[in-house]
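A short write-up of the structure that comes next.
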Amino acid sequence: MNAVLKLFVAIVALTAALNVFAAADLEVNTPGVNAIKQSMQARHTQLAGHYNSGAVGLTADGMVALRDAGAVPLAQRQAVNALVAAENNDRNALYAEIANANNHPEWQAEIRSTFAQRWIQRAQPGWWVQGSGGWKQK
Amino acid sequence: MKKIWVTLPLAAFALSACVTINIYFPAAAAEKAADKIIDEVWQTQKADKPAANQPAAKETK
């Protein structure tokens with residue numbers, strides 16, 4: 001009887017440990033995630049100025065968008081569009097990569113909306129962010 | 001040895017609870033992970049390790 005009791009305690013301890021493991025962390029330290037992160041970090045030095053000028057804003061779906069083309073000199077507009085497109089490519093890849101790295105591709109939409117909220121919440125004063133009522137300046 | 005009919009279903013229940021939890025999206029962990037990545041992309045980490053990053057990342061405006 002003692003052996004069965006021990007087995008039971010062992011199983012409970014194991015499942016508890018697994019529960020903690022499953023709930024505690026989201027794996028984001030993979031080569032794929034790190035590569036995208038670095039690419040976005042490098043691009044941010046170019047994008048920051050456009051966030052500050054209001055030309056580019058953070059959207060409610062975790063992307064960036066050209067919201068005021070008038071804030072960009074005509075000659076630079078194509079470059080900004082390319083920046084925005086490249087940033088959105090990376091962001092899509094980032095959300096997918098995190099979901100896949102955790103073996104839950106179906107989490108991608110939730111990861112995206114979590115990021116969307118955090119990008120917007122942590123945007124610097126003066127930046128434009130998209131809420132339920134449209135664009136507003138932080 | 002009759003108690004095995006109690007312990008085994010209990011163990012199975014515990015196991016299934018584990019599997020169930022694993023299906024749900026870990027929202028708090030995701031927020032933490034997002035913040036970490038945002039810090040690195042925007043270079044906004046404060047007290048973490050300020051000197052460990054590349055020096056040319058500051059905006060000069």
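Chain identifiers are assigned as A, B, and so on, following the order in which chains appear in the structure tokens; residues are numbered from 1 within each chain, and ligands are numbered from 1 in order of appearance.
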
* To do: Name the residues in contact with A:Gln38 at a cut-off of 12 Å, using only C-alpha atoms, excluding same-chain residues fewer than 3 positions from it; report them as a PyMOL selection string.
  => (chain A and resi 31-35+41-45+87+90-91+94) or (chain B and resi 37-43)

Please produce a file of the residues just selected, as a PDB file, in the first residue's frame, where the atoms kept are C-alpha atoms.
ATOM      1  CA  PRO A  31      17.660  31.610 -33.115  1.00  0.00           C
ATOM      2  CA  GLY A  32      14.668  32.586 -35.264  1.00  0.00           C
ATOM      3  CA  VAL A  33      13.247  35.011 -32.695  1.00  0.00           C
ATOM      4  CA  ASN A  34      16.662  36.498 -31.981  1.00  0.00           C
ATOM      5  CA  ALA A  35      17.370  37.103 -35.656  1.00  0.00           C
ATOM      6  CA  GLN A  41      16.371  46.661 -33.424  1.00  0.00           C
ATOM      7  CA  ALA A  42      18.567  47.840 -36.296  1.00  0.00           C
ATOM      8  CA  ARG A  43      15.560  49.250 -38.147  1.00  0.00           C
ATOM      9  CA  HIS A  44      14.284  51.081 -35.084  1.00  0.00           C
ATOM     10  CA  THR A  45      17.026  53.691 -35.304  1.00  0.00           C
ATOM     11  CA  GLU A  87       8.953  46.250 -40.174  1.00  0.00           C
ATOM     12  CA  ASP A  90       9.376  41.196 -39.327  1.00  0.00           C
ATOM     13  CA  ARG A  91       6.508  41.652 -36.904  1.00  0.00           C
ATOM     14  CA  LEU A  94       8.030  37.401 -34.988  1.00  0.00           C
TER      15      LEU A  94
ATOM     16  CA  ILE B  37      11.405  41.859 -26.680  1.00  0.00           C
ATOM     17  CA  ILE B  38      10.067  45.419 -26.864  1.00  0.00           C
ATOM     18  CA  ASP B  39      12.790  46.550 -24.465  1.00  0.00           C
ATOM     19  CA  GLU B  40      15.407  45.062 -26.722  1.00  0.00           C
ATOM     20  CA  VAL B  41      13.954  46.340 -29.986  1.00  0.00           C
ATOM     21  CA  TRP B  42      13.351  49.865 -28.682  1.00  0.00           C
ATOM     22  CA  GLN B  43      16.422  49.854 -26.428  1.00  0.00           C
TER      23      GLN B  43
END

* Could you tell me which of A:Tyr95, A:Asn29, A:Leu83, A:Leu14 comes closest to A:Gly49 if we count only C-alpha atoms? => A:Leu83

* Enter the distance from atom CA of A:Lys37 to atom CA of A:Asp68, in Å, rounded to one decimal. =>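 Separation between atom CA of A:Lys37 and atom CA of A:Asp68: 26.1 Å.
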
* To do: Could you check which of A:Ala69, A:Ala96, A:Ala13, A:Ala79 is closest to chain B, using only C-alpha atoms?
  =>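 Of the candidates, the smallest distance to chain B is held by A:Ala13.
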
* Identify, on the basis of only C-alpha atoms, every residue whose closest approach to B:Ala28 does not exceed 12 Å; exclude the query and any residue fewer than 2 positions from it along the same chain; express the result as a list of chain:residue names. => A:Ala23, A:Ala24, A:Asp25, A:Leu26, A:Glu110, A:Ile111, A:Thr114, A:Phe115, A:Arg118, B:Tyr24, B:Phe25, B:Pro26, B:Ala30, B:Glu31, B:Lys32, B:Ala33, B:Ala34, B:Asp35

Those same residues, written as an mmCIF file, in the first residue's frame with C-alpha atoms?
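Saved file again11.cif follows:
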data_model
loop_
_atom_site.group_PDB
_atom_site.id
_atom_site.type_symbol
_atom_site.label_atom_id
_atom_site.label_comp_id
_atom_site.auth_asym_id
_atom_site.auth_seq_id
_atom_site.Cartn_x
_atom_site.Cartn_y
_atom_site.Cartn_z
ATOM 1 C CA ALA A 23 2.233 28.151 -17.288
ATOM 2 C CA ALA A 24 5.417 29.946 -16.277
ATOM 3 C CA ASP A 25 7.107 30.804 -19.491
ATOM 4 C CA LEU A 26 6.828 31.424 -23.143
ATOM 5 C CA GLU A 110 -3.135 35.969 -29.090
ATOM 6 C CA ILE A 111 0.572 36.672 -29.218
ATOM 7 C CA THR A 114 -0.588 40.838 -26.540
ATOM 8 C CA PHE A 115 2.211 42.537 -28.443
ATOM 9 C CA ARG A 118 2.304 46.272 -25.089
ATOM 10 C CA TYR B 24 -4.599 27.661 -22.625
ATOM 11 C CA PHE B 25 -2.637 30.654 -23.763
ATOM 12 C CA PRO B 26 -0.290 31.833 -20.972
ATOM 13 C CA ALA B 30 3.235 36.368 -23.049
ATOM 14 C CA GLU B 31 3.080 39.895 -21.670
ATOM 15 C CA LYS B 32 6.371 39.403 -19.914
ATOM 16 C CA ALA B 33 7.948 38.013 -23.062
ATOM 17 C CA ALA B 34 6.547 40.866 -25.153
ATOM 18 C CA ASP B 35 7.957 43.452 -22.751
#

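With only C-alpha atoms as the basis for measurement, A:His50 is the residue among A:Arg67, A:His50, A:Arg77, A:Lys138 that approaches chain B most closely.
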
* To do: Using only C-alpha atoms, determine which residues lie at most 12 Å from A:Ala85, disregarding the query and same-chain residues fewer than 2 positions distant; provide the list as a list in words.
  =>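 Here the answer would be Met40, Arg43, Leu47, Val56, Met63, Val64, Ala65, Leu66, Gln78, Ala79, Val80, Asn81, Ala82, Leu83, Glu87, Asn88, Asn89, Asp90, Arg91 and Asn92 of chain A.
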
Keeping only N, CA and C atoms, write those residues as a PDB file, in the first residue's frame.
ATOM      1  N   MET A  40      14.818  44.047 -36.252  1.00  0.00           N
ATOM      2  CA  MET A  40      13.911  45.119 -35.842  1.00  0.00           C
ATOM      3  C   MET A  40      14.649  46.189 -35.035  1.00  0.00           C
ATOM      4  N   ARG A  43      16.473  48.384 -37.404  1.00  0.00           N
ATOM      5  CA  ARG A  43      15.560  49.250 -38.147  1.00  0.00           C
ATOM      6  C   ARG A  43      15.001  50.354 -37.269  1.00  0.00           C
ATOM      7  N   LEU A  47      13.336  54.135 -37.796  1.00  0.00           N
ATOM      8  CA  LEU A  47      11.896  54.338 -37.621  1.00  0.00           C
ATOM      9  C   LEU A  47      11.580  55.347 -36.513  1.00  0.00           C
ATOM     10  N   VAL A  56       4.616  57.821 -38.810  1.00  0.00           N
ATOM     11  CA  VAL A  56       4.324  56.403 -38.642  1.00  0.00           C
ATOM     12  C   VAL A  56       3.741  56.190 -37.254  1.00  0.00           C
ATOM     13  N   MET A  63       0.968  46.113 -35.667  1.00  0.00           N
ATOM     14  CA  MET A  63       1.783  46.466 -36.828  1.00  0.00           C
ATOM     15  C   MET A  63       2.174  47.949 -36.723  1.00  0.00           C
ATOM     16  N   VAL A  64       2.835  48.450 -37.760  1.00  0.00           N
ATOM     17  CA  VAL A  64       3.051  49.886 -37.881  1.00  0.00           C
ATOM     18  C   VAL A  64       2.422  50.321 -39.207  1.00  0.00           C
ATOM     19  N   ALA A  65       2.066  51.617 -39.268  1.00  0.00           N
ATOM     20  CA  ALA A  65       1.433  52.090 -40.495  1.00  0.00           C
ATOM     21  C   ALA A  65       1.838  53.531 -40.751  1.00  0.00           C
ATOM     22  N   LEU A  66       1.914  53.891 -42.031  1.00  0.00           N
ATOM     23  CA  LEU A  66       2.137  55.273 -42.416  1.00  0.00           C
ATOM     24  C   LEU A  66       0.801  55.993 -42.214  1.00  0.00           C
ATOM     25  N   GLN A  78       9.145  57.086 -50.258  1.00  0.00           N
ATOM     26  CA  GLN A  78       9.310  55.697 -50.688  1.00  0.00           C
ATOM     27  C   GLN A  78      10.135  54.902 -49.685  1.00  0.00           C
ATOM     28  N   ALA A  79      11.155  55.577 -49.141  1.00  0.00           N
ATOM     29  CA  ALA A  79      12.003  54.907 -48.155  1.00  0.00           C
ATOM     30  C   ALA A  79      11.198  54.553 -46.906  1.00  0.00           C
ATOM     31  N   VAL A  80      10.312  55.480 -46.494  1.00  0.00           N
ATOM     32  CA  VAL A  80       9.496  55.216 -45.306  1.00  0.00           C
ATOM     33  C   VAL A  80       8.542  54.069 -45.562  1.00  0.00           C
ATOM     34  N   ASN A  81       7.941  54.077 -46.749  1.00  0.00           N
ATOM     35  CA  ASN A  81       7.050  52.961 -47.090  1.00  0.00           C
ATOM     36  C   ASN A  81       7.787  51.628 -47.033  1.00  0.00           C
ATOM     37  N   ALA A  82       9.014  51.623 -47.511  1.00  0.00           N
ATOM     38  CA  ALA A  82       9.802  50.392 -47.483  1.00  0.00           C
ATOM     39  C   ALA A  82      10.107  49.993 -46.040  1.00  0.00           C
ATOM     40  N   LEU A  83      10.416  50.989 -45.213  1.00  0.00           N
ATOM     41  CA  LEU A  83      10.686  50.719 -43.801  1.00  0.00           C
ATOM     42  C   LEU A  83       9.470  50.084 -43.128  1.00  0.00           C
ATOM     43  N   GLU A  87       9.260  46.411 -41.602  1.00  0.00           N
ATOM     44  CA  GLU A  87       8.953  46.250 -40.174  1.00  0.00           C
ATOM     45  C   GLU A  87       7.754  45.317 -39.990  1.00  0.00           C
ATOM     46  N   ASN A  88       6.734  45.494 -40.807  1.00  0.00           N
ATOM     47  CA  ASN A  88       5.544  44.649 -40.672  1.00  0.00           C
ATOM     48  C   ASN A  88       5.845  43.193 -41.040  1.00  0.00           C
ATOM     49  N   ASN A  89       6.719  43.005 -42.026  1.00  0.00           N
ATOM     50  CA  ASN A  89       7.162  41.645 -42.347  1.00  0.00           C
ATOM     51  C   ASN A  89       7.793  40.982 -41.137  1.00  0.00           C
ATOM     52  N   ASP A  90       8.695  41.734 -40.505  1.00  0.00           N
ATOM     53  CA  ASP A  90       9.376  41.196 -39.327  1.00  0.00           C
ATOM     54  C   ASP A  90       8.403  40.929 -38.196  1.00  0.00           C
ATOM     55  N   ARG A  91       7.452  41.840 -38.014  1.00  0.00           N
ATOM     56  CA  ARG A  91       6.508  41.652 -36.904  1.00  0.00           C
ATOM     57  C   ARG A  91       5.637  40.421 -37.131  1.00  0.00           C
ATOM     58  N   ASN A  92       5.160  40.237 -38.368  1.00  0.00           N
ATOM     59  CA  ASN A  92       4.392  39.025 -38.674  1.00  0.00           C
ATOM     60  C   ASN A  92       5.225  37.783 -38.405  1.00  0.00           C
TER      61      ASN A  92
END

* Pick the closest to chain B from A:Thr30, A:Arg122, A:Ala75, A:Val84: which is it, counting only C-alpha atoms? ->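 Among the listed residues, A:Arg122 lies closest to chain B.
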